[in-house]
>>> print(open('query00.cif').read())   # mmCIF, N, CA and C atoms
data_input
#
loop_
_atom_site.label_atom_id
_atom_site.label_comp_id
_atom_site.auth_asym_id
_atom_site.auth_seq_id
_atom_site.Cartn_x
_atom_site.Cartn_y
_atom_site.Cartn_z
N MET A 105 -20.66 -11.52 -5.44
CA MET A 105 -20.22 -10.88 -4.23
C MET A 105 -19.01 -10.02 -4.54
N ASP A 106 -18.98 -8.78 -4.04
CA ASP A 106 -17.83 -7.90 -4.17
C ASP A 106 -16.85 -8.19 -3.04
N TRP A 107 -15.58 -8.19 -3.35
CA TRP A 107 -14.51 -8.35 -2.36
C TRP A 107 -13.66 -7.10 -2.46
N LYS A 108 -13.73 -6.26 -1.47
CA LYS A 108 -13.08 -4.95 -1.52
C LYS A 108 -11.95 -4.86 -0.50
N ILE A 109 -10.81 -4.38 -0.95
CA ILE A 109 -9.74 -4.05 -0.02
C ILE A 109 -9.99 -2.63 0.43
N GLU A 110 -10.18 -2.45 1.73
CA GLU A 110 -10.51 -1.13 2.23
C GLU A 110 -9.58 -0.62 3.32
N LEU A 111 -8.66 -1.48 3.82
CA LEU A 111 -7.76 -1.04 4.88
C LEU A 111 -6.47 -1.85 4.82
N VAL A 112 -5.34 -1.16 4.80
CA VAL A 112 -4.04 -1.80 4.74
C VAL A 112 -3.20 -1.25 5.89
N ALA A 113 -2.59 -2.14 6.67
CA ALA A 113 -1.74 -1.73 7.79
C ALA A 113 -0.34 -1.39 7.28
N ILE A 114 0.16 -0.26 7.75
CA ILE A 114 1.52 0.19 7.44
C ILE A 114 2.28 0.27 8.76
N PRO A 115 3.30 -0.58 8.95
CA PRO A 115 4.02 -0.58 10.23
C PRO A 115 4.98 0.61 10.35
N VAL A 116 4.86 1.33 11.45
CA VAL A 116 5.69 2.52 11.69
C VAL A 116 6.27 2.48 13.09
N SER A 117 7.35 3.20 13.29
CA SER A 117 8.00 3.23 14.60
C SER A 117 7.50 4.37 15.48
N ASP A 118 7.05 5.46 14.87
CA ASP A 118 6.59 6.64 15.61
C ASP A 118 5.25 7.06 15.00
N VAL A 119 4.18 6.78 15.70
CA VAL A 119 2.83 7.00 15.16
C VAL A 119 2.58 8.47 14.86
N ASP A 120 2.95 9.35 15.76
CA ASP A 120 2.69 10.78 15.55
C ASP A 120 3.48 11.32 14.36
N ARG A 121 4.74 10.91 14.24
CA ARG A 121 5.57 11.34 13.11
C ARG A 121 4.97 10.83 11.79
N ALA A 122 4.56 9.56 11.76
CA ALA A 122 3.97 8.98 10.56
C ALA A 122 2.64 9.64 10.22
N LYS A 123 1.82 9.89 11.24
CA LYS A 123 0.53 10.56 11.00
C LYS A 123 0.76 11.94 10.40
N ALA A 124 1.71 12.70 10.92
CA ALA A 124 2.01 14.02 10.38
C ALA A 124 2.50 13.92 8.93
N PHE A 125 3.35 12.94 8.66
CA PHE A 125 3.85 12.75 7.29
C PHE A 125 2.70 12.48 6.33
N TYR A 126 1.88 11.50 6.64
CA TYR A 126 0.81 11.12 5.72
C TYR A 126 -0.26 12.21 5.60
N ALA A 127 -0.60 12.87 6.69
CA ALA A 127 -1.66 13.88 6.64
C ALA A 127 -1.15 15.22 6.11
N GLU A 128 -0.03 15.68 6.63
CA GLU A 128 0.44 17.03 6.28
C GLU A 128 1.28 17.06 5.02
N LYS A 129 2.13 16.07 4.81
CA LYS A 129 3.01 16.09 3.64
C LYS A 129 2.39 15.41 2.43
N VAL A 130 1.83 14.21 2.62
CA VAL A 130 1.28 13.48 1.47
C VAL A 130 -0.15 13.94 1.17
N GLY A 131 -0.86 14.46 2.17
CA GLY A 131 -2.21 14.99 1.93
C GLY A 131 -3.34 14.03 2.18
N PHE A 132 -3.08 12.91 2.89
CA PHE A 132 -4.15 11.98 3.25
C PHE A 132 -5.09 12.64 4.25
N ASN A 133 -6.35 12.23 4.25
CA ASN A 133 -7.30 12.67 5.26
C ASN A 133 -7.09 11.85 6.53
N ALA A 134 -6.99 12.52 7.66
CA ALA A 134 -6.87 11.83 8.94
C ALA A 134 -8.28 11.53 9.43
N ASP A 135 -8.72 10.28 9.26
CA ASP A 135 -10.09 9.89 9.56
C ASP A 135 -10.33 9.60 11.03
N HIS A 136 -9.43 8.82 11.63
CA HIS A 136 -9.60 8.39 13.02
C HIS A 136 -8.26 8.36 13.72
N ASP A 137 -8.29 8.66 15.01
CA ASP A 137 -7.12 8.47 15.88
C ASP A 137 -7.68 8.14 17.25
N HIS A 138 -7.71 6.85 17.55
CA HIS A 138 -8.30 6.39 18.81
C HIS A 138 -7.32 5.54 19.61
N ARG A 139 -7.16 5.89 20.86
CA ARG A 139 -6.41 5.04 21.77
C ARG A 139 -7.44 4.12 22.41
N VAL A 140 -7.38 2.85 22.06
CA VAL A 140 -8.34 1.86 22.53
C VAL A 140 -7.94 1.34 23.92
N SER A 141 -6.63 1.18 24.12
CA SER A 141 -6.10 0.71 25.40
C SER A 141 -4.64 1.16 25.50
N ASP A 142 -3.96 0.77 26.56
CA ASP A 142 -2.55 1.13 26.71
C ASP A 142 -1.69 0.52 25.62
N THR A 143 -2.14 -0.55 25.00
CA THR A 143 -1.35 -1.25 23.99
C THR A 143 -1.93 -1.15 22.58
N LEU A 144 -3.03 -0.41 22.41
CA LEU A 144 -3.66 -0.33 21.09
C LEU A 144 -4.09 1.10 20.77
N ARG A 145 -3.47 1.63 19.72
CA ARG A 145 -3.86 2.93 19.17
C ARG A 145 -4.11 2.72 17.69
N PHE A 146 -5.26 3.16 17.22
CA PHE A 146 -5.69 2.96 15.83
C PHE A 146 -5.80 4.31 15.15
N VAL A 147 -4.98 4.52 14.11
CA VAL A 147 -5.03 5.74 13.31
C VAL A 147 -5.35 5.32 11.87
N GLN A 148 -6.39 5.91 11.31
CA GLN A 148 -6.78 5.60 9.93
C GLN A 148 -6.64 6.85 9.09
N LEU A 149 -6.00 6.71 7.93
CA LEU A 149 -5.79 7.81 6.99
C LEU A 149 -6.19 7.35 5.60
N THR A 150 -6.80 8.26 4.81
CA THR A 150 -7.30 7.90 3.49
C THR A 150 -6.81 8.89 2.45
N PRO A 151 -6.21 8.40 1.36
CA PRO A 151 -5.85 9.30 0.26
C PRO A 151 -7.12 9.93 -0.33
N PRO A 152 -7.06 11.20 -0.73
CA PRO A 152 -8.24 11.84 -1.32
C PRO A 152 -8.79 11.02 -2.49
N GLY A 153 -10.07 10.75 -2.47
CA GLY A 153 -10.73 10.03 -3.55
C GLY A 153 -10.61 8.52 -3.49
N SER A 154 -9.91 7.99 -2.49
CA SER A 154 -9.69 6.55 -2.42
C SER A 154 -10.75 5.84 -1.59
N ALA A 155 -11.09 4.61 -2.00
CA ALA A 155 -11.98 3.77 -1.20
C ALA A 155 -11.18 2.93 -0.21
N CYS A 156 -9.85 2.95 -0.34
CA CYS A 156 -8.99 2.17 0.54
C CYS A 156 -8.19 3.11 1.44
N SER A 157 -8.13 2.79 2.71
CA SER A 157 -7.39 3.58 3.70
C SER A 157 -6.18 2.80 4.17
N ILE A 158 -5.30 3.51 4.90
CA ILE A 158 -4.21 2.84 5.60
C ILE A 158 -4.46 3.00 7.09
N THR A 159 -3.90 2.08 7.87
CA THR A 159 -3.93 2.23 9.32
C THR A 159 -2.50 2.15 9.83
N ILE A 160 -2.20 3.03 10.75
CA ILE A 160 -0.95 3.01 11.48
C ILE A 160 -1.32 3.03 12.95
N GLY A 161 -0.39 2.72 13.80
CA GLY A 161 -0.71 2.80 15.22
C GLY A 161 0.16 1.91 16.06
N GLU A 162 -0.29 1.68 17.26
CA GLU A 162 0.39 0.78 18.19
C GLU A 162 -0.48 -0.46 18.33
N GLY A 163 0.16 -1.63 18.29
CA GLY A 163 -0.57 -2.88 18.40
C GLY A 163 -1.36 -3.25 17.16
N ILE A 164 -1.05 -2.62 16.04
CA ILE A 164 -1.78 -2.84 14.79
C ILE A 164 -1.17 -3.97 13.97
N SER A 165 0.15 -4.01 13.92
CA SER A 165 0.84 -4.96 13.05
C SER A 165 2.09 -5.49 13.74
N GLU A 166 2.41 -6.74 13.46
CA GLU A 166 3.65 -7.31 13.97
C GLU A 166 4.79 -7.15 12.97
N ALA A 167 4.51 -6.59 11.80
CA ALA A 167 5.55 -6.38 10.79
C ALA A 167 6.52 -5.30 11.27
N ALA A 168 7.74 -5.39 10.81
CA ALA A 168 8.77 -4.42 11.18
C ALA A 168 8.48 -3.07 10.53
N PRO A 169 8.64 -1.97 11.27
CA PRO A 169 8.50 -0.65 10.66
C PRO A 169 9.41 -0.53 9.44
N GLY A 170 8.87 0.01 8.37
CA GLY A 170 9.62 0.20 7.15
C GLY A 170 9.67 -1.00 6.24
N SER A 171 8.95 -2.05 6.55
CA SER A 171 9.03 -3.29 5.76
C SER A 171 8.06 -3.35 4.58
N VAL A 172 7.18 -2.38 4.44
CA VAL A 172 6.20 -2.41 3.36
C VAL A 172 6.84 -1.90 2.07
N ARG A 173 6.67 -2.66 1.01
CA ARG A 173 7.17 -2.31 -0.32
C ARG A 173 6.00 -2.46 -1.30
N GLY A 174 5.95 -1.57 -2.27
CA GLY A 174 4.99 -1.74 -3.35
C GLY A 174 3.60 -1.20 -3.11
N MET A 175 3.41 -0.36 -2.10
CA MET A 175 2.10 0.30 -1.98
C MET A 175 1.97 1.23 -3.18
N GLN A 176 0.80 1.25 -3.80
CA GLN A 176 0.65 2.03 -5.01
C GLN A 176 -0.66 2.79 -5.03
N MET A 177 -0.57 4.04 -5.45
CA MET A 177 -1.74 4.86 -5.69
C MET A 177 -1.76 5.21 -7.17
N VAL A 178 -2.95 5.46 -7.71
CA VAL A 178 -3.11 5.82 -9.12
C VAL A 178 -3.71 7.22 -9.17
N VAL A 179 -3.14 8.05 -10.05
CA VAL A 179 -3.60 9.43 -10.23
C VAL A 179 -3.83 9.68 -11.72
N SER A 180 -4.54 10.74 -12.02
CA SER A 180 -4.79 11.07 -13.42
C SER A 180 -3.63 11.85 -14.04
N ASP A 181 -2.81 12.51 -13.20
CA ASP A 181 -1.70 13.32 -13.70
C ASP A 181 -0.52 13.19 -12.75
N VAL A 182 0.45 12.34 -13.12
CA VAL A 182 1.57 12.07 -12.22
C VAL A 182 2.46 13.30 -12.05
N ASN A 183 2.55 14.14 -13.07
CA ASN A 183 3.37 15.35 -12.95
C ASN A 183 2.77 16.31 -11.92
N ALA A 184 1.46 16.46 -11.94
CA ALA A 184 0.80 17.31 -10.95
C ALA A 184 0.92 16.71 -9.56
N ALA A 185 0.79 15.38 -9.47
CA ALA A 185 0.94 14.71 -8.17
C ALA A 185 2.34 14.91 -7.64
N ARG A 186 3.34 14.76 -8.49
CA ARG A 186 4.72 14.96 -8.07
C ARG A 186 4.93 16.39 -7.59
N SER A 187 4.42 17.36 -8.33
CA SER A 187 4.55 18.77 -7.94
C SER A 187 3.92 19.02 -6.58
N GLU A 188 2.76 18.43 -6.35
CA GLU A 188 2.09 18.59 -5.06
C GLU A 188 2.93 17.99 -3.94
N LEU A 189 3.46 16.80 -4.15
CA LEU A 189 4.29 16.16 -3.13
C LEU A 189 5.55 16.97 -2.86
N VAL A 190 6.22 17.42 -3.90
CA VAL A 190 7.42 18.24 -3.74
C VAL A 190 7.08 19.52 -2.98
N GLY A 191 5.96 20.14 -3.33
CA GLY A 191 5.53 21.37 -2.66
C GLY A 191 5.24 21.17 -1.18
N ARG A 192 4.89 19.96 -0.80
CA ARG A 192 4.61 19.64 0.61
C ARG A 192 5.86 19.15 1.34
N GLY A 193 6.99 19.08 0.63
CA GLY A 193 8.24 18.70 1.27
C GLY A 193 8.56 17.22 1.25
N VAL A 194 7.89 16.46 0.37
CA VAL A 194 8.17 15.03 0.27
C VAL A 194 9.35 14.82 -0.69
N ASP A 195 10.28 13.97 -0.30
CA ASP A 195 11.38 13.58 -1.18
C ASP A 195 10.84 12.54 -2.15
N VAL A 196 10.60 12.97 -3.38
CA VAL A 196 9.96 12.12 -4.38
C VAL A 196 10.85 12.04 -5.62
N SER A 197 10.84 10.88 -6.26
CA SER A 197 11.68 10.66 -7.44
C SER A 197 11.22 11.52 -8.61
N GLU A 198 12.07 11.56 -9.62
CA GLU A 198 11.67 12.12 -10.90
C GLU A 198 10.65 11.18 -11.52
N VAL A 199 9.91 11.66 -12.51
CA VAL A 199 8.94 10.82 -13.22
C VAL A 199 9.69 9.79 -14.06
N GLN A 200 9.26 8.55 -13.95
CA GLN A 200 9.82 7.47 -14.76
C GLN A 200 8.73 6.92 -15.67
N GLU A 201 9.09 6.68 -16.93
CA GLU A 201 8.12 6.21 -17.91
C GLU A 201 8.36 4.74 -18.25
N PHE A 202 7.28 3.97 -18.21
CA PHE A 202 7.28 2.56 -18.59
C PHE A 202 6.11 2.33 -19.53
N PRO A 203 6.08 1.23 -20.27
CA PRO A 203 4.94 0.96 -21.16
C PRO A 203 3.61 0.88 -20.40
N TRP A 204 3.65 0.57 -19.12
CA TRP A 204 2.43 0.42 -18.31
C TRP A 204 2.11 1.66 -17.50
N GLY A 205 2.83 2.77 -17.74
CA GLY A 205 2.47 4.01 -17.09
C GLY A 205 3.65 4.86 -16.67
N LEU A 206 3.30 6.05 -16.17
CA LEU A 206 4.28 6.98 -15.61
C LEU A 206 4.26 6.81 -14.10
N PHE A 207 5.44 6.86 -13.47
CA PHE A 207 5.54 6.61 -12.04
C PHE A 207 6.44 7.63 -11.35
N VAL A 208 6.13 7.90 -10.09
CA VAL A 208 7.05 8.53 -9.15
C VAL A 208 7.03 7.69 -7.89
N TYR A 209 8.10 7.81 -7.10
CA TYR A 209 8.26 6.98 -5.91
C TYR A 209 8.66 7.85 -4.73
N PHE A 210 8.17 7.46 -3.54
CA PHE A 210 8.59 8.12 -2.31
C PHE A 210 8.51 7.11 -1.17
N ALA A 211 9.09 7.48 -0.05
CA ALA A 211 9.05 6.63 1.14
C ALA A 211 8.64 7.46 2.34
N ASP A 212 8.00 6.80 3.30
CA ASP A 212 7.65 7.50 4.55
C ASP A 212 8.88 7.56 5.45
N PRO A 213 8.78 8.19 6.63
CA PRO A 213 9.95 8.31 7.50
C PRO A 213 10.55 6.98 7.96
N ASP A 214 9.80 5.89 7.89
CA ASP A 214 10.33 4.57 8.27
C ASP A 214 10.84 3.79 7.06
N SER A 215 10.76 4.36 5.89
CA SER A 215 11.18 3.75 4.63
C SER A 215 10.17 2.78 4.04
N ASN A 216 8.90 2.83 4.45
CA ASN A 216 7.85 2.12 3.72
C ASN A 216 7.77 2.78 2.34
N GLN A 217 7.76 1.98 1.29
CA GLN A 217 7.89 2.52 -0.06
C GLN A 217 6.57 2.56 -0.82
N TRP A 218 6.37 3.69 -1.50
CA TRP A 218 5.15 3.97 -2.25
C TRP A 218 5.47 4.28 -3.71
N ALA A 219 4.55 3.90 -4.58
CA ALA A 219 4.59 4.28 -5.99
C ALA A 219 3.31 5.05 -6.30
N VAL A 220 3.43 6.04 -7.17
CA VAL A 220 2.28 6.78 -7.67
C VAL A 220 2.30 6.61 -9.19
N GLN A 221 1.21 6.09 -9.74
CA GLN A 221 1.15 5.74 -11.16
C GLN A 221 0.09 6.55 -11.89
N GLU A 222 0.45 7.00 -13.08
CA GLU A 222 -0.52 7.51 -14.04
C GLU A 222 -0.65 6.42 -15.10
N ILE A 223 -1.82 5.83 -15.20
CA ILE A 223 -2.05 4.75 -16.16
C ILE A 223 -2.17 5.34 -17.56
N PRO A 224 -1.51 4.70 -18.55
CA PRO A 224 -1.61 5.23 -19.91
C PRO A 224 -3.03 5.12 -20.45
N ASN A 225 -3.30 5.95 -21.44
CA ASN A 225 -4.61 5.93 -22.08
C ASN A 225 -4.88 4.52 -22.61
N ARG A 226 -6.02 3.99 -22.29
CA ARG A 226 -6.36 2.60 -22.66
C ARG A 226 -7.06 2.50 -24.00
N ASN A 227 -7.15 3.59 -24.73
CA ASN A 227 -7.82 3.57 -26.05
C ASN A 227 -6.91 3.09 -27.13
#
>>> encode(input="query00.cif", output="structure tokens")
Amino acid sequence: MDWKIELVAIPVSDVDRAKAFYAEKVGFNADHDHRVSDTLRFVQLTPPGSACSITIGEGISEAAPGSVRGMQMVVSDVNAARSELVGRGVDVSEVQEFPWGLFVYFADPDSNQWAVQEIPNRN
């Protein structure tokens, strides 16, 4: 049996601001934005090429906005990813090199923290 992680909740304080950040600045696809009721709004966004999406909204999570640490995406070229993020206006770190890969880091407007990794050649 396959066990797949396909949706992760990211707690935010302003849904529209967060949606604009992830879609317009980071480049995620805005898949869904549905107001289910007065207390539930479901917004789903997916990084290009990813099988896993994030959800933001109202009534989605009881976690405090900005409390997520360690969300990670993997890319084939971290320098190109960094350039793209900088070009879109994201405040992103310089490239950092570790034995397990090259990384850049950024945070959303609520300070939820993300890492972008280029995995070293496994040969």
>>> select_by_dssp(input="query00.cif", residues="chain A", states="alpha helix (DSSP H)", output="list in words")
Val119, Asp120, Arg121, Ala122, Lys123, Ala124, Val182, Asn183, Ala184, Ala185, Arg186, Ser187, Glu188, Leu189, Val190 and Gly191 of chain A
>>> closest_residue(input="query00.cif", among="A:Val220, A:Gln176, A:Ala185, A:Asp137", to="Glu162 (chain A)", atoms="only C-alpha atoms")
A:Asp137
>>> closest_residue(input="query00.cif", among="A:Ala219, A:Met105, A:Leu149, A:Val178", to="Phe132 (chain A)", atoms="all atoms listed in the file")
A:Leu149
>>> atom_distance(input="query00.cif", atom1="CA of Gly174 (chain A)", atom2="CA of Pro152 (chain A)")
19.1 Å
>>> resolve_selection(input="query00.cif", expression="the PyMOL selection byres ((chain A and resi 163) around 7)", output="list of chain:residue names")
A:Thr143, A:Leu144, A:Arg145, A:Gly161, A:Glu162, A:Ile164, A:Ser165, A:Glu166
>>> write_last_selection(input="query00.cif", atoms="N, CA and C atoms", output="PDB file, in the frame of the given file")
ATOM      1  N   THR A 143      -2.140  -0.550  25.000  1.00  0.00           N
ATOM      2  CA  THR A 143      -1.350  -1.250  23.990  1.00  0.00           C
ATOM      3  C   THR A 143      -1.930  -1.150  22.580  1.00  0.00           C
ATOM      4  N   LEU A 144      -3.030  -0.410  22.410  1.00  0.00           N
ATOM      5  CA  LEU A 144      -3.660  -0.330  21.090  1.00  0.00           C
ATOM      6  C   LEU A 144      -4.090   1.100  20.770  1.00  0.00           C
ATOM      7  N   ARG A 145      -3.470   1.630  19.720  1.00  0.00           N
ATOM      8  CA  ARG A 145      -3.860   2.930  19.170  1.00  0.00           C
ATOM      9  C   ARG A 145      -4.110   2.720  17.690  1.00  0.00           C
ATOM     10  N   GLY A 161      -0.390   2.720  13.800  1.00  0.00           N
ATOM     11  CA  GLY A 161      -0.710   2.800  15.220  1.00  0.00           C
ATOM     12  C   GLY A 161       0.160   1.910  16.060  1.00  0.00           C
ATOM     13  N   GLU A 162      -0.290   1.680  17.260  1.00  0.00           N
ATOM     14  CA  GLU A 162       0.390   0.780  18.190  1.00  0.00           C
ATOM     15  C   GLU A 162      -0.480  -0.460  18.330  1.00  0.00           C
ATOM     16  N   ILE A 164      -1.050  -2.620  16.040  1.00  0.00           N
ATOM     17  CA  ILE A 164      -1.780  -2.840  14.790  1.00  0.00           C
ATOM     18  C   ILE A 164      -1.170  -3.970  13.970  1.00  0.00           C
ATOM     19  N   SER A 165       0.150  -4.010  13.920  1.00  0.00           N
ATOM     20  CA  SER A 165       0.840  -4.960  13.050  1.00  0.00           C
ATOM     21  C   SER A 165       2.090  -5.490  13.740  1.00  0.00           C
ATOM     22  N   GLU A 166       2.410  -6.740  13.460  1.00  0.00           N
ATOM     23  CA  GLU A 166       3.650  -7.310  13.970  1.00  0.00           C
ATOM     24  C   GLU A 166       4.790  -7.150  12.970  1.00  0.00           C
TER      25      GLU A 166
END
>>> residues_around(input="query00.cif", residues="Gln221 (chain A)", least_positions_apart="2", cutoff="5 Å", atoms="all atoms listed in the file", output="list in words")
Met177, Val178, Val179, Leu206, Phe207, Ala219 and Ile223 of chain A
